[in-house]
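Worksheet: one structure, shown below.
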Amino acid sequence: MSSTELPSMSANVLPKVAPVRVADGERLRSVRLPGISLTVRSRPGRREGLPPALYVHGLGGSSQNWSALMELIDDTVEGEALDLPGFGDSPPPDDGDYSVTGHARAVIRHLDAAARGPVHLFGNSLGGAVTTRVAAVRPDLVRTLTLISPALPELRVQRTAVPTALLALPGVVGLFTRFTKGWTAEQRVRGVTSLCYGDPGRVSSEGFRHAVDEMERRLQLPYFWDAMARSARGIVDAYTLGGQHGLWRQAERVLAPTLLVYGGRDQLVGFRMAQKAARAFRDSRLLSLPDAGHVAMMEYPETVATAFRELLRDVAAETGTDARSVAEGSEAVEGVQVSEGAET
């Protein structure tokens, strides 16, 4: 191993840190699967029998990123949000694989083990790339797909996204951590908020305090920067992968009705990519939010919730069924069973 490479962190070496925040109405549990342990945040539906939904966060995020949206649509779906391996409250994967394929494999393993599919699948940023891959290789697991600022390959990466991409380079994390050693958790949260929100002023004082508490907790995790760097490297690697395994090619293979949400003030995913995405996903609807940044489900959760319900109504109109039947889904796609270990 090169001296500039980051060592993998065993899931068995876990520090004792402050507990993760759980909002009213949410539940948190740990799920052990082959090679990984996942923390799953769930919000039961307001009534029994609602269809399942699964939410997948972005780089540096966690299942907490979905709490606001989960609460708004718990009358429509029964929600679960994952902490991807190495993020939130989930320990690192045993094999140190933070690639987009590795994260997609974790999502598929969870869905297969829980037997909850097909689900209404949501993804943001890195989670958008991961869920695109899941929907392409395992259509039997996905009823609808909602992508918020998905990290799909761009030829011209935005200047404001370059520092995040640089985390993928060997040695950069070490330099960055030394350079920012004196930064407080509050300073770090303000930086993240300025980067990810179209209008940082939309963050409530309570939400900001919770974010600072979470940042302080994460900075105590010895694998925090390792997970960030390796996942950033995974995104860069996925951007360079061509042919049938490329993310845009896989987007074209997605069968599920898809809602695309792009923010006009997104500093990490170019707003110009919205139209390309709308053309790539064969059954797509596009929601453009001119004032939103990279995390529309946190900035404008009501708008995203309304758009998701409209997606269900659109599908109902196209199939000649009522919206509730569409939400609850039909039988899984017959004869489709792509191995979760397939190279994607």
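Each chain in the structure tokens gets a letter, A, B, ..., in the order shown, and its residues are numbered from 1; ligands are numbered from 1 in order too.
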Could you name the residues that touch A:Leu145 at 7 Å or less, counting only C-alpha atoms, but leaving out those on the same chain fewer than 6 positions away, as a tab-separated table (two decimals) with all heavy atoms, in the first residue's frame?
chain	number	residue	atom	x	y	z
A	120	HIS	N	-40.65	2.31	-3.43
A	120	HIS	CA	-40.48	3.63	-4.01
A	120	HIS	C	-39.10	4.09	-3.55
A	120	HIS	O	-38.86	4.31	-2.37
A	120	HIS	CB	-41.58	4.58	-3.52
A	120	HIS	CG	-42.95	4.17	-3.98
A	120	HIS	ND1	-43.37	4.30	-5.29
A	120	HIS	CD2	-43.98	3.61	-3.30
A	120	HIS	CE1	-44.61	3.85	-5.39
A	120	HIS	NE2	-45.01	3.42	-4.21
A	121	LEU	N	-38.17	4.21	-4.49
A	121	LEU	CA	-36.77	4.42	-4.18
A	121	LEU	C	-36.38	5.89	-4.39
A	121	LEU	O	-36.67	6.46	-5.45
A	121	LEU	CB	-35.91	3.51	-5.05
A	121	LEU	CG	-34.42	3.40	-4.75
A	121	LEU	CD1	-34.18	2.89	-3.34
A	121	LEU	CD2	-33.75	2.46	-5.76
A	122	PHE	N	-35.73	6.48	-3.39
A	122	PHE	CA	-35.29	7.88	-3.44
A	122	PHE	C	-33.77	7.93	-3.30
A	122	PHE	O	-33.19	7.19	-2.51
A	122	PHE	CB	-35.90	8.68	-2.29
A	122	PHE	CG	-37.39	8.85	-2.33
A	122	PHE	CD1	-38.24	7.80	-2.04
A	122	PHE	CD2	-37.95	10.09	-2.63
A	122	PHE	CE1	-39.63	7.96	-2.06
A	122	PHE	CE2	-39.33	10.27	-2.66
A	122	PHE	CZ	-40.17	9.20	-2.37
A	256	ALA	N	-38.49	1.97	-14.19
A	256	ALA	CA	-39.42	2.57	-13.25
A	256	ALA	C	-39.75	4.00	-13.62
A	256	ALA	O	-38.88	4.76	-14.08
A	256	ALA	CB	-38.82	2.54	-11.85
A	257	PRO	N	-41.00	4.44	-13.43
A	257	PRO	CA	-41.33	5.86	-13.58
A	257	PRO	C	-40.43	6.68	-12.68
A	257	PRO	O	-40.24	6.34	-11.50
A	257	PRO	CB	-42.79	5.92	-13.13
A	257	PRO	CG	-43.32	4.54	-13.34
A	257	PRO	CD	-42.17	3.62	-13.05
A	258	THR	N	-39.85	7.76	-13.22
A	258	THR	CA	-38.80	8.48	-12.52
A	258	THR	C	-39.13	9.96	-12.36
A	258	THR	O	-39.55	10.61	-13.32
A	258	THR	CB	-37.46	8.33	-13.28
A	258	THR	OG1	-37.13	6.94	-13.39
A	258	THR	CG2	-36.34	9.06	-12.56
A	259	LEU	N	-38.94	10.47	-11.16
A	259	LEU	CA	-39.05	11.90	-10.88
A	259	LEU	C	-37.65	12.46	-10.70
A	259	LEU	O	-36.88	11.97	-9.87
A	259	LEU	CB	-39.88	12.13	-9.61
A	259	LEU	CG	-39.91	13.57	-9.07
A	259	LEU	CD1	-40.55	14.52	-10.08
A	259	LEU	CD2	-40.62	13.62	-7.72
**Study point:** Neighbour list for A:Val100 as a PyMOL selection string, cut-off 7 Å, only C-alpha atoms, skip fewer than 6 positions in-chain
**Key:** chain A and resi 130+234-235+238
**Study point:** helix (DSSP H, G or I) residues, from DSSP on the backbone, in stretch 45-288 of chain A, as a ChimeraX atom specification
**Key:** /A:63-72,100-114,126-137,139-141,159-166,172-179,185-196,200-202,205-219,224-240,243-245,247-253,273-280
Practice item. Using DSSP on the backbone, list every residue of stretch 109-146 of chain A that comes out as strand (DSSP E), and give them as a PyMOL selection string. Key: chain A and resi 119-124+142-146
Point to revise | A:Asp199 environment, 9 Å, only C-alpha atoms, sequence neighbours closer than 5 positions dropped, as an MDAnalysis selection string | key: chainID A and resid 193:194 265 291:293 299
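The nearest approach to A:Leu84 among the residues A:Arg41, A:Arg47, A:Lys16, A:Arg209, with only C-alpha atoms taken into account, belongs to A:Arg41.
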Point to revise | Using only C-alpha atoms: which of A:Gly61, A:Gly35, A:Pro52, A:Pro153 has the shortest distance to A:Arg218 | key: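 Distance minimum relative to A:Arg218 lands on A:Gly61.
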Practice item. Calculate how many Å separate atom CA of A:Ser125 from atom CA of A:Val212, rounding to one decimal. Key: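 Spanning atom CA of A:Ser125 to atom CA of A:Val212 is a straight-line distance of 21.3 Å.
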